[in-house]
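> Contents of work.cif (mmCIF, C-alpha atoms) are below:
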```cif
data_final
#
loop_
_atom_site.label_atom_id
_atom_site.label_comp_id
_atom_site.auth_asym_id
_atom_site.auth_seq_id
_atom_site.Cartn_x
_atom_site.Cartn_y
_atom_site.Cartn_z
CA MET A 1 -63.28 12.10 94.46
CA ASN A 2 -65.52 10.71 91.80
CA SER A 3 -65.29 13.85 89.77
CA LEU A 4 -61.48 13.54 89.65
CA LYS A 5 -61.92 10.25 87.89
CA ILE A 6 -64.41 11.54 85.37
CA ARG A 7 -62.57 14.73 84.71
CA PHE A 8 -59.42 12.77 84.24
CA TRP A 9 -57.79 14.77 81.49
CA ARG A 10 -58.76 18.15 82.83
CA SER A 11 -57.33 17.20 86.20
CA MET A 12 -54.20 15.91 84.53
CA ILE A 13 -53.51 19.34 83.04
CA THR A 14 -54.11 21.10 86.32
CA GLY A 15 -52.04 18.43 88.03
CA ALA A 16 -49.23 18.87 85.54
CA GLY A 17 -48.94 22.52 86.54
CA ILE A 18 -48.45 21.53 90.16
CA PHE A 19 -46.23 18.65 89.16
CA LEU A 20 -43.77 20.72 87.15
CA GLY A 21 -43.73 23.53 89.68
CA ILE A 22 -42.82 21.17 92.47
CA ALA A 23 -40.27 19.37 90.32
CA PHE A 24 -38.55 22.66 89.61
CA LEU A 25 -38.68 23.70 93.25
CA CYS A 26 -37.32 20.37 94.38
CA PHE A 27 -34.48 20.49 91.90
CA SER A 28 -33.41 24.06 92.62
CA GLY A 29 -33.80 23.65 96.35
CA SER A 30 -31.74 20.51 96.62
CA PRO A 31 -28.24 22.03 96.89
CA ILE A 32 -29.27 24.03 99.94
CA LEU A 33 -31.03 21.07 101.46
CA ILE A 34 -28.03 18.84 100.93
CA SER A 35 -25.52 21.24 102.44
CA LEU A 36 -27.95 21.79 105.30
CA PHE A 37 -27.88 18.09 106.05
CA GLN A 38 -24.11 17.89 105.70
CA HIS A 39 -23.67 20.94 107.94
CA THR A 40 -21.62 22.63 105.24
CA LEU A 41 -23.90 25.59 104.81
CA VAL A 42 -21.60 28.59 104.52
CA PRO A 43 -22.76 32.13 103.86
CA GLY A 44 -21.35 33.58 100.69
CA PRO A 45 -22.22 34.57 97.14
CA ASP A 46 -22.77 30.92 96.26
CA LEU A 47 -25.46 30.50 98.88
CA ASN A 48 -27.10 33.77 97.93
CA ARG A 49 -27.34 32.64 94.36
CA GLN A 50 -28.90 29.36 95.39
CA LEU A 51 -31.32 31.09 97.72
CA TRP A 52 -32.36 33.36 94.90
CA LEU A 53 -33.03 30.39 92.74
CA VAL A 54 -35.18 28.78 95.41
CA VAL A 55 -37.18 31.94 95.98
CA MET A 56 -37.76 32.28 92.27
CA ALA A 57 -38.78 28.64 92.02
CA LEU A 58 -41.18 29.05 94.91
CA LEU A 59 -42.67 32.11 93.25
CA VAL A 60 -43.12 30.38 89.91
CA CYS A 61 -44.58 27.41 91.70
CA THR A 62 -47.05 29.52 93.69
CA VAL A 63 -48.22 31.50 90.69
CA GLY A 64 -48.51 28.37 88.55
CA ILE A 65 -50.52 26.41 91.09
CA MET A 66 -52.72 29.37 91.98
CA ASN A 67 -53.47 29.99 88.34
CA SER A 68 -54.37 26.45 87.44
CA MET A 69 -56.49 25.88 90.55
CA LEU A 70 -58.31 29.19 90.14
CA MET A 71 -59.12 28.28 86.58
CA SER A 72 -60.29 24.79 87.38
CA VAL A 73 -62.55 25.97 90.19
CA SER A 74 -63.97 29.02 88.43
CA GLU A 75 -64.95 27.09 85.36
CA ARG A 76 -67.19 25.10 87.66
CA PHE A 77 -69.08 28.07 89.10
CA ARG A 78 -72.24 27.03 87.31
CA GLU A 79 -71.91 23.58 88.75
CA ILE A 80 -71.60 25.09 92.21
CA GLY A 81 -74.70 27.19 91.54
CA THR A 82 -76.61 24.13 90.41
CA MET A 83 -75.58 22.16 93.45
CA LYS A 84 -76.73 25.00 95.66
CA CYS A 85 -80.11 25.00 93.93
CA LEU A 86 -80.39 21.30 94.63
CA GLY A 87 -79.93 21.99 98.29
CA ALA A 88 -76.24 21.49 98.94
CA LEU A 89 -74.91 23.22 102.04
CA ASN A 90 -72.16 25.77 101.49
CA SER A 91 -69.87 23.83 103.75
CA LEU A 92 -70.46 20.64 101.78
CA ILE A 93 -69.49 22.33 98.53
CA VAL A 94 -66.33 23.82 100.00
CA ARG A 95 -65.46 20.49 101.58
CA LEU A 96 -65.96 18.68 98.29
CA PHE A 97 -63.60 21.03 96.49
CA LEU A 98 -61.02 20.92 99.27
CA ILE A 99 -60.88 17.14 99.31
CA GLU A 100 -60.43 17.15 95.58
CA ALA A 101 -57.73 19.82 95.72
CA LEU A 102 -55.91 18.14 98.56
CA PHE A 103 -55.86 14.83 96.77
CA MET A 104 -54.69 16.42 93.57
CA GLY A 105 -52.09 18.53 95.39
CA PHE A 106 -50.55 15.56 97.15
CA VAL A 107 -50.50 13.25 94.18
CA SER A 108 -49.08 15.85 91.82
CA SER A 109 -46.54 17.05 94.36
CA PHE A 110 -45.39 13.53 94.92
CA GLY A 111 -45.01 13.08 91.17
CA GLY A 112 -43.19 16.39 90.97
CA TRP A 113 -40.84 15.32 93.71
CA VAL A 114 -40.05 12.07 91.91
CA LEU A 115 -39.14 13.95 88.76
CA GLY A 116 -37.25 16.71 90.56
CA PHE A 117 -35.27 14.37 92.72
CA PHE A 118 -34.52 12.11 89.82
CA ALA A 119 -33.04 15.13 88.06
CA VAL A 120 -30.91 15.92 91.11
CA PHE A 121 -29.77 12.34 91.18
CA VAL A 122 -28.75 12.33 87.52
CA VAL A 123 -27.05 15.70 87.64
CA ARG A 124 -24.99 14.76 90.70
CA TRP A 125 -24.05 11.44 89.20
CA ILE A 126 -22.75 13.14 86.09
CA THR A 127 -20.98 16.07 87.73
CA LEU A 128 -19.69 14.50 90.95
CA GLY A 129 -19.58 10.81 90.10
CA TRP A 130 -21.25 7.91 91.87
CA ALA A 131 -19.23 7.95 95.06
CA GLY A 132 -19.12 11.69 95.66
CA GLY A 133 -22.49 12.66 94.32
CA VAL A 134 -25.01 9.89 94.70
CA THR A 135 -23.99 8.13 97.89
CA SER A 136 -24.06 11.41 99.77
CA LEU A 137 -27.81 11.57 99.22
CA THR A 138 -28.71 10.10 102.59
CA PRO A 139 -32.19 8.84 103.44
CA GLY A 140 -32.57 11.93 105.56
CA ILE A 141 -32.10 14.19 102.57
CA ILE A 142 -34.47 12.16 100.47
CA ALA A 143 -37.15 12.14 103.15
CA GLY A 144 -36.64 15.83 103.88
CA SER A 145 -37.07 16.89 100.29
CA LEU A 146 -40.09 14.63 99.86
CA LEU A 147 -41.73 16.05 102.95
CA LEU A 148 -41.04 19.64 101.94
CA SER A 149 -42.26 19.16 98.38
CA VAL A 150 -45.49 17.47 99.35
CA LEU A 151 -46.22 19.92 102.14
CA ILE A 152 -45.58 23.00 100.01
CA GLY A 153 -47.48 21.55 97.06
CA GLY A 154 -50.42 20.44 99.17
CA ALA A 155 -50.66 23.71 101.06
CA LEU A 156 -50.47 25.88 97.94
CA THR A 157 -53.10 23.82 96.15
CA LEU A 158 -55.38 23.92 99.14
CA ILE A 159 -55.16 27.69 99.53
CA ALA A 160 -55.60 28.22 95.81
CA ALA A 161 -58.75 26.09 95.75
CA LEU A 162 -60.19 27.40 99.01
CA LEU A 163 -60.47 31.03 97.93
CA PRO A 164 -62.61 30.64 94.81
CA ALA A 165 -64.62 27.72 96.20
CA GLN A 166 -65.54 29.67 99.31
CA ARG A 167 -66.48 32.71 97.27
CA ALA A 168 -68.65 30.67 94.92
CA ALA A 169 -70.33 28.78 97.75
CA GLN A 170 -71.36 32.00 99.46
CA MET A 171 -72.80 33.64 96.35
CA PRO A 172 -76.55 33.54 95.94
CA PRO A 173 -77.21 30.63 93.56
CA ALA A 174 -78.70 32.92 90.92
CA ALA A 175 -75.44 34.86 90.71
CA ALA A 176 -73.35 31.71 90.48
CA LEU A 177 -75.60 30.40 87.72
CA ARG A 178 -75.32 33.60 85.73
CA THR A 179 -71.54 33.29 85.59
CA GLU A 180 -70.44 32.63 82.06
CA VAL A 181 -67.17 30.85 81.46
CA MET B 182 -103.79 21.49 104.40
CA SER B 183 -106.99 22.95 103.05
CA ALA B 184 -107.29 23.47 99.33
CA THR B 185 -107.17 27.21 99.68
CA GLU B 186 -103.96 27.30 101.63
CA TYR B 187 -101.36 29.47 99.94
CA ILE B 188 -98.05 27.74 99.42
CA VAL B 189 -96.27 30.79 98.05
CA ARG B 190 -97.03 34.38 98.88
CA THR B 191 -95.02 37.40 97.94
CA LYS B 192 -95.49 40.77 99.52
CA ASP B 193 -94.28 43.98 97.86
CA VAL B 194 -91.19 42.33 96.45
CA VAL B 195 -88.71 44.82 95.03
CA LYS B 196 -85.45 43.99 93.32
CA VAL B 197 -83.20 46.66 91.91
CA PHE B 198 -80.33 45.98 89.54
CA THR B 199 -77.66 48.61 89.08
CA LEU B 200 -76.41 48.84 85.55
CA GLY B 201 -73.61 51.35 85.64
CA GLU B 202 -75.26 54.64 86.61
CA GLU B 203 -78.78 53.46 85.96
CA LYS B 204 -80.94 51.75 88.49
CA LEU B 205 -83.37 49.26 87.04
CA ARG B 206 -86.31 48.18 89.12
CA ALA B 207 -86.64 44.63 87.85
CA LEU B 208 -89.38 43.94 90.37
CA ASP B 209 -91.44 46.82 91.64
CA GLY B 210 -93.77 45.73 94.39
CA VAL B 211 -95.01 42.32 93.32
CA ASN B 212 -97.81 40.66 95.26
CA VAL B 213 -98.68 37.14 94.27
CA ASP B 214 -100.53 34.37 96.10
CA ILE B 215 -100.23 30.84 94.84
CA ARG B 216 -102.35 27.98 96.12
CA ARG B 217 -101.15 24.48 96.81
CA GLY B 218 -101.40 22.24 93.76
CA GLU B 219 -101.84 25.03 91.24
CA TYR B 220 -100.17 25.21 87.87
CA ILE B 221 -99.09 28.80 87.45
CA SER B 222 -97.47 30.49 84.49
CA ILE B 223 -95.68 33.76 84.92
CA MET B 224 -95.77 35.42 81.55
CA GLY B 225 -94.32 38.57 80.16
CA PRO B 226 -91.92 39.88 77.55
CA SER B 227 -88.17 39.48 78.01
CA GLY B 228 -86.82 41.84 80.59
CA SER B 229 -90.17 42.15 82.30
CA GLY B 230 -88.88 40.64 85.51
CA LYS B 231 -90.19 37.08 85.16
CA SER B 232 -86.88 35.45 85.87
CA THR B 233 -86.15 37.84 88.70
CA LEU B 234 -89.48 36.93 90.28
CA PHE B 235 -88.68 33.28 89.70
CA ASN B 236 -85.33 33.69 91.47
CA ALA B 237 -86.97 35.56 94.34
CA ILE B 238 -89.63 32.89 94.86
CA GLY B 239 -87.03 30.15 94.67
CA GLY B 240 -84.74 31.80 97.16
CA LEU B 241 -81.97 31.94 94.59
CA ASP B 242 -81.62 35.68 95.01
CA LYS B 243 -82.55 37.97 97.86
CA PRO B 244 -85.11 40.69 97.10
CA ASP B 245 -84.08 44.20 98.12
CA SER B 246 -87.30 44.71 100.03
CA GLY B 247 -90.56 42.94 100.60
CA SER B 248 -90.85 39.30 101.54
CA VAL B 249 -91.49 35.91 100.06
CA PHE B 250 -93.33 33.35 102.15
CA ILE B 251 -93.08 29.66 101.39
CA ASN B 252 -95.55 27.67 103.49
CA ASP B 253 -96.00 30.81 105.57
CA VAL B 254 -92.31 30.99 106.40
CA ASP B 255 -90.57 34.25 105.52
CA MET B 256 -87.54 33.34 103.48
CA ALA B 257 -85.62 36.42 104.53
CA GLN B 258 -85.59 35.04 108.08
CA LEU B 259 -83.80 31.85 107.12
CA ASP B 260 -80.06 31.39 107.44
CA ALA B 261 -77.93 29.76 104.75
CA GLY B 262 -78.39 26.26 106.15
CA GLU B 263 -82.16 26.56 106.42
CA LEU B 264 -82.32 27.97 102.91
CA ALA B 265 -80.34 25.00 101.65
CA TYR B 266 -82.76 22.70 103.46
CA LEU B 267 -85.70 24.47 101.85
CA ARG B 268 -84.14 24.20 98.38
CA CYS B 269 -83.38 20.58 99.03
CA HIS B 270 -86.75 19.40 100.30
CA THR B 271 -89.44 21.87 99.37
CA ILE B 272 -88.51 23.29 95.98
CA GLY B 273 -87.40 21.61 92.76
CA TYR B 274 -85.81 23.72 90.05
CA ILE B 275 -85.90 23.39 86.31
CA PHE B 276 -83.88 25.74 84.12
CA GLN B 277 -83.93 26.91 80.56
CA THR B 278 -80.38 25.69 80.11
CA PHE B 279 -81.06 22.37 81.92
CA ASN B 280 -77.99 22.84 84.13
CA LEU B 281 -77.25 19.17 84.37
CA ILE B 282 -73.80 18.31 85.60
CA THR B 283 -72.09 17.34 82.38
CA VAL B 284 -69.66 14.80 83.74
CA MET B 285 -72.31 12.76 85.51
CA THR B 286 -74.71 10.23 84.00
CA ALA B 287 -78.46 10.81 83.95
CA LEU B 288 -78.91 8.62 87.00
CA GLU B 289 -76.13 10.36 88.94
CA ASN B 290 -77.66 13.71 88.12
CA VAL B 291 -81.05 12.60 89.41
CA THR B 292 -79.66 11.08 92.58
CA LEU B 293 -77.51 14.10 93.40
CA PRO B 294 -80.23 15.91 95.41
CA THR B 295 -80.88 12.75 97.43
CA ILE B 296 -77.22 12.75 98.41
CA PHE B 297 -77.57 16.35 99.62
CA ALA B 298 -80.65 15.27 101.56
CA GLY B 299 -78.66 12.51 103.24
CA THR B 300 -80.65 9.63 101.75
CA PRO B 301 -78.79 6.28 101.82
CA THR B 302 -77.18 5.59 98.43
CA ASP B 303 -79.28 2.51 97.59
CA ASP B 304 -82.55 4.29 98.31
CA GLY B 305 -81.36 7.25 96.29
CA ILE B 306 -80.54 5.09 93.30
CA ALA B 307 -83.89 3.30 93.53
CA ARG B 308 -85.64 6.66 93.69
CA GLY B 309 -83.58 7.93 90.74
CA MET B 310 -84.50 4.95 88.58
CA GLU B 311 -88.16 5.29 89.52
CA LEU B 312 -88.13 8.97 88.50
CA LEU B 313 -86.30 8.29 85.25
CA ASP B 314 -89.00 5.74 84.47
CA ILE B 315 -91.69 8.32 85.20
CA VAL B 316 -90.15 10.76 82.69
CA GLY B 317 -89.64 7.91 80.24
CA LEU B 318 -85.86 7.67 80.28
CA GLY B 319 -85.37 4.60 82.45
CA HIS B 320 -83.50 2.80 79.70
CA ARG B 321 -80.98 5.63 79.25
CA TYR B 322 -79.91 6.05 82.86
CA HIS B 323 -76.22 5.54 82.18
CA HIS B 324 -75.99 8.16 79.44
CA LYS B 325 -74.17 11.46 79.93
CA PRO B 326 -76.07 14.68 79.16
CA SER B 327 -73.98 15.16 76.00
CA GLN B 328 -75.41 11.89 74.66
CA LEU B 329 -79.00 13.03 75.20
CA SER B 330 -81.13 15.38 73.14
CA GLY B 331 -82.34 18.68 74.55
CA GLY B 332 -85.76 17.31 75.38
CA GLN B 333 -84.26 14.28 77.06
CA GLN B 334 -81.89 16.46 79.06
CA GLN B 335 -84.82 18.54 80.20
CA ARG B 336 -86.65 15.39 81.25
CA VAL B 337 -83.64 14.34 83.29
CA ALA B 338 -83.70 17.80 84.86
CA ILE B 339 -87.40 17.33 85.67
CA ALA B 340 -86.68 13.96 87.25
CA ARG B 341 -83.89 15.60 89.24
CA SER B 342 -86.19 18.36 90.46
CA LEU B 343 -88.55 15.70 91.83
CA ALA B 344 -85.89 13.71 93.63
CA ASN B 345 -86.70 14.81 97.16
CA ASN B 346 -90.50 14.98 96.72
CA PRO B 347 -90.74 18.78 96.67
CA SER B 348 -94.10 20.44 97.05
CA ILE B 349 -93.19 23.16 94.55
CA ILE B 350 -91.51 22.93 91.18
CA LEU B 351 -90.11 26.14 89.78
CA ALA B 352 -89.38 26.13 86.08
CA ASP B 353 -87.61 29.04 84.40
CA GLU B 354 -88.38 28.94 80.67
CA PRO B 355 -88.39 25.13 80.65
CA THR B 356 -89.19 25.07 76.94
CA GLY B 357 -87.00 28.02 75.96
CA ASN B 358 -84.19 25.96 74.48
CA LEU B 359 -86.39 23.31 72.87
CA ASP B 360 -88.18 23.06 69.55
CA SER B 361 -91.93 23.43 69.83
CA LYS B 362 -92.80 19.73 69.58
CA THR B 363 -90.36 18.76 72.32
CA GLY B 364 -91.58 21.74 74.25
CA GLU B 365 -95.11 20.41 74.11
CA GLU B 366 -93.96 17.06 75.44
CA ILE B 367 -92.25 18.78 78.34
CA ILE B 368 -95.35 20.83 79.07
CA ALA B 369 -97.52 17.71 78.97
CA LEU B 370 -95.11 15.98 81.33
CA LEU B 371 -95.20 18.89 83.78
CA ARG B 372 -98.99 18.92 83.62
CA ARG B 373 -99.13 15.19 84.28
CA LEU B 374 -96.85 15.51 87.30
CA ASN B 375 -98.99 18.37 88.54
CA LYS B 376 -102.12 16.24 88.27
CA GLU B 377 -100.71 12.92 89.46
CA GLN B 378 -98.34 14.00 92.19
CA GLY B 379 -100.09 17.17 93.21
CA VAL B 380 -96.98 19.32 93.06
CA THR B 381 -97.44 23.03 92.66
CA ILE B 382 -95.82 24.10 89.42
CA ILE B 383 -94.70 27.64 88.78
CA THR B 384 -93.19 28.42 85.40
CA ALA B 385 -91.74 31.63 84.09
CA THR B 386 -92.23 31.56 80.36
CA HIS B 387 -93.14 33.41 77.24
CA ASP B 388 -94.26 30.24 75.52
CA TYR B 389 -97.98 30.61 74.82
CA LYS B 390 -98.45 26.85 74.74
CA MET B 391 -98.09 26.99 78.52
CA VAL B 392 -101.26 29.02 78.86
CA ASP B 393 -103.35 26.05 77.82
CA VAL B 394 -102.36 23.92 80.76
CA SER B 395 -102.04 26.59 83.42
CA ASP B 396 -104.62 27.06 86.11
CA ARG B 397 -103.76 30.72 86.34
CA VAL B 398 -101.51 33.05 84.42
CA ILE B 399 -99.70 35.94 86.02
CA TRP B 400 -98.82 38.62 83.52
CA ILE B 401 -95.77 40.68 84.40
CA ARG B 402 -94.77 43.90 82.72
CA ASP B 403 -92.00 46.29 83.76
CA GLY B 404 -91.61 44.60 87.11
CA LYS B 405 -95.25 44.88 88.03
CA VAL B 406 -98.10 42.41 88.00
CA GLU B 407 -100.24 43.52 85.10
CA LYS B 408 -103.07 41.07 85.63
CA ILE B 409 -103.77 37.62 86.97
CA GLU B 410 -106.17 35.55 84.92
CA ASN B 411 -107.80 32.19 85.33
CA ARG B 412 -107.47 29.91 82.36
CA ALA B 413 -111.17 30.05 81.60
CA ASP B 414 -110.93 33.79 81.03
CA ILE B 415 -107.95 33.70 78.76
CA GLN B 416 -109.18 32.01 75.61
CA LEU B 417 -110.20 35.29 74.01
CA SER B 418 -107.06 37.19 74.81
CA ILE B 419 -104.71 34.94 72.87
CA GLY B 420 -105.68 35.35 69.31
CA GLY B 421 -101.99 35.72 68.59
CA MET B 422 -100.94 32.06 68.45
CA ALA B 423 -99.86 32.33 64.84
CA GLY B 424 -97.83 35.41 65.59
CA GLU B 425 -96.19 33.61 68.46
CA ALA B 426 -95.35 30.67 66.22
CA GLU B 427 -93.58 33.01 63.82
CA HIS B 428 -91.81 34.63 66.68
CA LEU B 429 -90.64 31.21 67.87
CA ALA B 430 -89.46 30.15 64.45
CA GLY B 431 -87.50 33.38 64.04
CA GLY B 432 -86.14 33.79 67.51
CA GLU B 433 -85.18 30.33 68.65
CA THR B 434 -81.88 28.69 68.05
CA GLY B 435 -80.70 25.24 69.06
#
```
As structure tokens, what does this structure read like?


Amino acid sequence: MNSLKIRFWRSMITGAGIFLGIAFLCFSGSPILISLFQHTLVPGPDLNRQLWLVVMALLVCTVGIMNSMLMSVSERFREIGTMKCLGALNSLIVRLFLIEALFMGFVSSFGGWVLGFFAVFVVRWITLGWAGGVTSLTPGIIAGSLLLSVLIGGALTLIAALLPAQRAAQMPPAAALRTEV
Amino acid sequence: MSATEYIVRTKDVVKVFTLGEEKLRALDGVNVDIRRGEYISIMGPSGSGKSTLFNAIGGLDKPDSGSVFINDVDMAQLDAGELAYLRCHTIGYIFQTFNLITVMTALENVTLPTIFAGTPTDDGIARGMELLDIVGLGHRYHHKPSQLSGGQQQRVAIARSLANNPSIILADEPTGNLDSKTGEEIIALLRRLNKEQGVTIITATHDYKMVDVSDRVIWIRDGKVEKIENRADIQLSIGGMAGEAEHLAGGETG
């Protein structure tokens, strides 16, 4: 937790990756979510197109988050090696990184949701008008999209951090220390 | 705890590195016995296996065969948790590249091992300040490594290695990245700790200044122990101080 504070700018960049990914996902997923809530989901070319968009967004999001988390963990291999030399348990190191990742995942996803949903809000206001577009965004829809965004963002970040952290923690310290970044 | 008790023993340690097709025997049957409270230098040219031996003794890397005993415990028999415990409480490490955690202050770096040992935070901080005072950096506790010189960083690293009162300090080329004057200060500091606190110090080095303070010198060549000498016997064999000085001036950077 402390290291998030001190690595503020580095975390911001990693966080921004998650943030934008989730914002994009939230925005592109919203039409489906809204029609799901209004029970107006009808199969057809329109739905297929939207589904495609969501799948693509999810893909971009996954790759983006994976990439930034992998980078941010692997550039700290030496640090992991050092901590192991100082007597840190493997589980402690993994736990440390997971807590950090989880925190970052949730905060960035929440931010991403705010941006994404704000975009939905604006677009609907402009295209459908206040009455038709904005008032139909019920609390259920808002809560649903928030929940989905944060869950997906958190889970992806967690998985992306777990893999390299676990690998690094199980290396012999000498090997982790040799790693050049 | 008799004076002759061996704190570190290695038995036929072999470590093989595979470089592409070639197999390199970095350590080829090394037997070394180190007594409690000794100051040992492991010397040898680059690539002779010093650092590999260092890593094997410190449990940072597993030898391919043979065994390393610390306090008569075979390290190969320990699981990951017990190894971590050993690294935490029994061995302190000092590296050529300092390996301080760059985003933490000097004090945080020194207290880090006490956190791993489960010491209460206040005790850990008190211990950290005490150690920083011992290495003469008490007034700079809140500085980040980037604000400290190489010698100061190494002194922080030495303080860190002492945090949990280890009985062994392993130092891999502790003066390798320092100019020779700072290097001497570091060597003097290590010697003082060895005398005052009774810690066993094992350094891998090719810095001839180390020979002066060592109780014994282990010469390694091509992965084998060439000879083990007591300090008293060495004086004659190092006529090459001037040559070494030239070598240092030419070969060192930073």

> Write out as number ranges by chain which residues come within 12 Å of Thr356 (chain B) when counting all atoms listed in the file, dropping same-chain ones fewer than 5 positions away.

B: 275-279, 331-336, 339, 361-371, 384-391, 429, 433, 435

> Name every residue that the PyMOL selection byres ((chain B and resi 285) around 9) selects in this structure, writing the answer as a compact mmCIF listing (two decimals) with C-alpha atoms, in the coordinates of the input with chains first and numbers rising.


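Saved file selection-v7.txt follows:
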```txt
# COMPACT_ATOMS: atom_id res chain seq x y z
CA SER A 3 -65.29 13.85 89.77
CA ILE A 6 -64.41 11.54 85.37
CA LEU B 281 -77.25 19.17 84.37
CA ILE B 282 -73.80 18.31 85.60
CA THR B 283 -72.09 17.34 82.38
CA VAL B 284 -69.66 14.80 83.74
CA THR B 286 -74.71 10.23 84.00
CA ALA B 287 -78.46 10.81 83.95
CA LEU B 288 -78.91 8.62 87.00
CA GLU B 289 -76.13 10.36 88.94
CA ASN B 290 -77.66 13.71 88.12
CA HIS B 323 -76.22 5.54 82.18
CA HIS B 324 -75.99 8.16 79.44
CA LYS B 325 -74.17 11.46 79.93
CA PRO B 326 -76.07 14.68 79.16
```

> Which residues are near Ala340 (chain B)? Cut-off 8 Å, all atoms listed in the file, ignore same chain within fewer than 5 positions. Put them as an mmCIF file with C-alpha atoms, keeping the file's coordinate frame.


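Listed below is the output, result.cif:
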```cif
data_model
loop_
_atom_site.group_PDB
_atom_site.id
_atom_site.type_symbol
_atom_site.label_atom_id
_atom_site.label_comp_id
_atom_site.auth_asym_id
_atom_site.auth_seq_id
_atom_site.Cartn_x
_atom_site.Cartn_y
_atom_site.Cartn_z
ATOM 1 C CA VAL B 291 -81.050 12.600 89.410
ATOM 2 C CA GLY B 309 -83.580 7.930 90.740
ATOM 3 C CA LEU B 312 -88.130 8.970 88.500
ATOM 4 C CA LEU B 313 -86.300 8.290 85.250
ATOM 5 C CA ILE B 315 -91.690 8.320 85.200
ATOM 6 C CA VAL B 316 -90.150 10.760 82.690
#
```

> Taking only C-alpha atoms into account, what are the residues of chain A at most 8 Å from chain B, put as a list of chain:residue names?

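Here is what falls inside 8 Å: A:Ser3, A:Ile6, A:Arg7, A:Arg78, A:Glu79, A:Thr82, A:Lys84, A:Cys85, A:Leu86, A:Gly87, A:Ala88, A:Leu89, A:Asn90, A:Pro172, A:Pro173, A:Ala174, A:Ala175.
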
> Considering only C-alpha atoms, return as a ChimeraX atom specification whatever protein or nucleic-acid residues lie within 8 Å of region 48-54 of chain A, sequence-local ones (same chain, fewer than 5 positions apart) excluded.

/A:25,28-29,31-32,43

> Tell me, as a list in words, which residues lie within 8 Å of region 395-411 of chain B, counting all atoms listed in the file; anything in the same chain fewer than 5 positions away does not count.

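Returned residues: Arg206, Ala207, Leu208, Asp209, Gly210, Val211, Asn212, Glu219, Tyr220, Ile221, Ser222, Ile223, Met224, Gly225, Pro226, Gly228, Ser229, Gly230 and Lys231 of chain B.
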
> Take the PyMOL selection byres ((chain A and resi 19) around 7), apply it to the structure above, and return the hits as a ChimeraX atom specification.

/A:15-18,20-23,108-109,111-112

> Okay, now the selection with C-alpha atoms, as a JSON list (two decimals), in the frame of the given file?


```
[["chain", "number", "residue", "atom", "x", "y", "z"],
["A", 15, "GLY", "CA", -52.04, 18.43, 88.03],
["A", 16, "ALA", "CA", -49.23, 18.87, 85.54],
["A", 17, "GLY", "CA", -48.94, 22.52, 86.54],
["A", 18, "ILE", "CA", -48.45, 21.53, 90.16],
["A", 20, "LEU", "CA", -43.77, 20.72, 87.15],
["A", 21, "GLY", "CA", -43.73, 23.53, 89.68],
["A", 22, "ILE", "CA", -42.82, 21.17, 92.47],
["A", 23, "ALA", "CA", -40.27, 19.37, 90.32],
["A", 108, "SER", "CA", -49.08, 15.85, 91.82],
["A", 109, "SER", "CA", -46.54, 17.05, 94.36],
["A", 111, "GLY", "CA", -45.01, 13.08, 91.17],
["A", 112, "GLY", "CA", -43.19, 16.39, 90.97]]
```

> Edge lengths and centre in Å to one decimal, as lines of an AutoDock Vina configuration file, is what I'm after for the box along x, y and z that holds all listed atoms of region 156-159 of chain A once 5 Å is added on each side.


```
center_x = -52.9
center_y = 25.8
center_z = 97.8
size_x = 14.9
size_y = 13.9
size_z = 13.4
```

> Quick one: of A:Ala119, A:Ile126, A:Val73, A:Met171, who's nearest to Leu158 (chain A), counting only C-alpha atoms?

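Looking at the shortest contact to Leu158 (chain A), the residue is A:Val73.
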
> Kindly indicate which residue among B:Ile188, B:Leu200, B:Ile215, B:Leu234 lies nearest to Pro347 (chain B), using all atoms listed in the file for the distances.

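Of B:Ile188, B:Leu200, B:Ile215, B:Leu234, the one nearest Pro347 (chain B) is B:Ile188, counting all atoms listed in the file.
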
> By how many Å are CA of Val63 (chain A) and CA of Gly153 (chain A) apart?

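For CA of Val63 (chain A) relative to CA of Gly153 (chain A), the distance reads 11.8 Å.
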
> Rounded to one decimal place, report the CA of Ala169 (chain A)-CA of Gly81 (chain A) distance in Å.

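So the two atoms, CA of Ala169 (chain A) and CA of Gly81 (chain A), lie 7.8 Å apart.
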
> Between CA of Ala413 (chain B) and CA of Arg216 (chain B), what is the distance, to one decimal in Å?

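About the pair CA of Ala413 (chain B) and CA of Arg216 (chain B): they are 17.1 Å apart.
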
> Within 12 Å of Leu102 (chain A), counting only C-alpha atoms, which residues show up once you throw out same-chain ones fewer than 6 positions away? Write them as a compact mmCIF listing (two decimals) with C-alpha atoms, keeping the file's coordinate frame, please.


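This went into out23.txt:
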```
# COMPACT_ATOMS: atom_id res chain seq x y z
CA MET A 1 -63.28 12.10 94.46
CA LEU A 4 -61.48 13.54 89.65
CA GLY A 15 -52.04 18.43 88.03
CA ILE A 18 -48.45 21.53 90.16
CA MET A 69 -56.49 25.88 90.55
CA VAL A 94 -66.33 23.82 100.00
CA ARG A 95 -65.46 20.49 101.58
CA LEU A 96 -65.96 18.68 98.29
CA SER A 108 -49.08 15.85 91.82
CA SER A 109 -46.54 17.05 94.36
CA VAL A 150 -45.49 17.47 99.35
CA LEU A 151 -46.22 19.92 102.14
CA ILE A 152 -45.58 23.00 100.01
CA GLY A 153 -47.48 21.55 97.06
CA GLY A 154 -50.42 20.44 99.17
CA ALA A 155 -50.66 23.71 101.06
CA LEU A 156 -50.47 25.88 97.94
CA THR A 157 -53.10 23.82 96.15
CA LEU A 158 -55.38 23.92 99.14
CA ILE A 159 -55.16 27.69 99.53
CA ALA A 160 -55.60 28.22 95.81
CA ALA A 161 -58.75 26.09 95.75
CA LEU A 162 -60.19 27.40 99.01
```
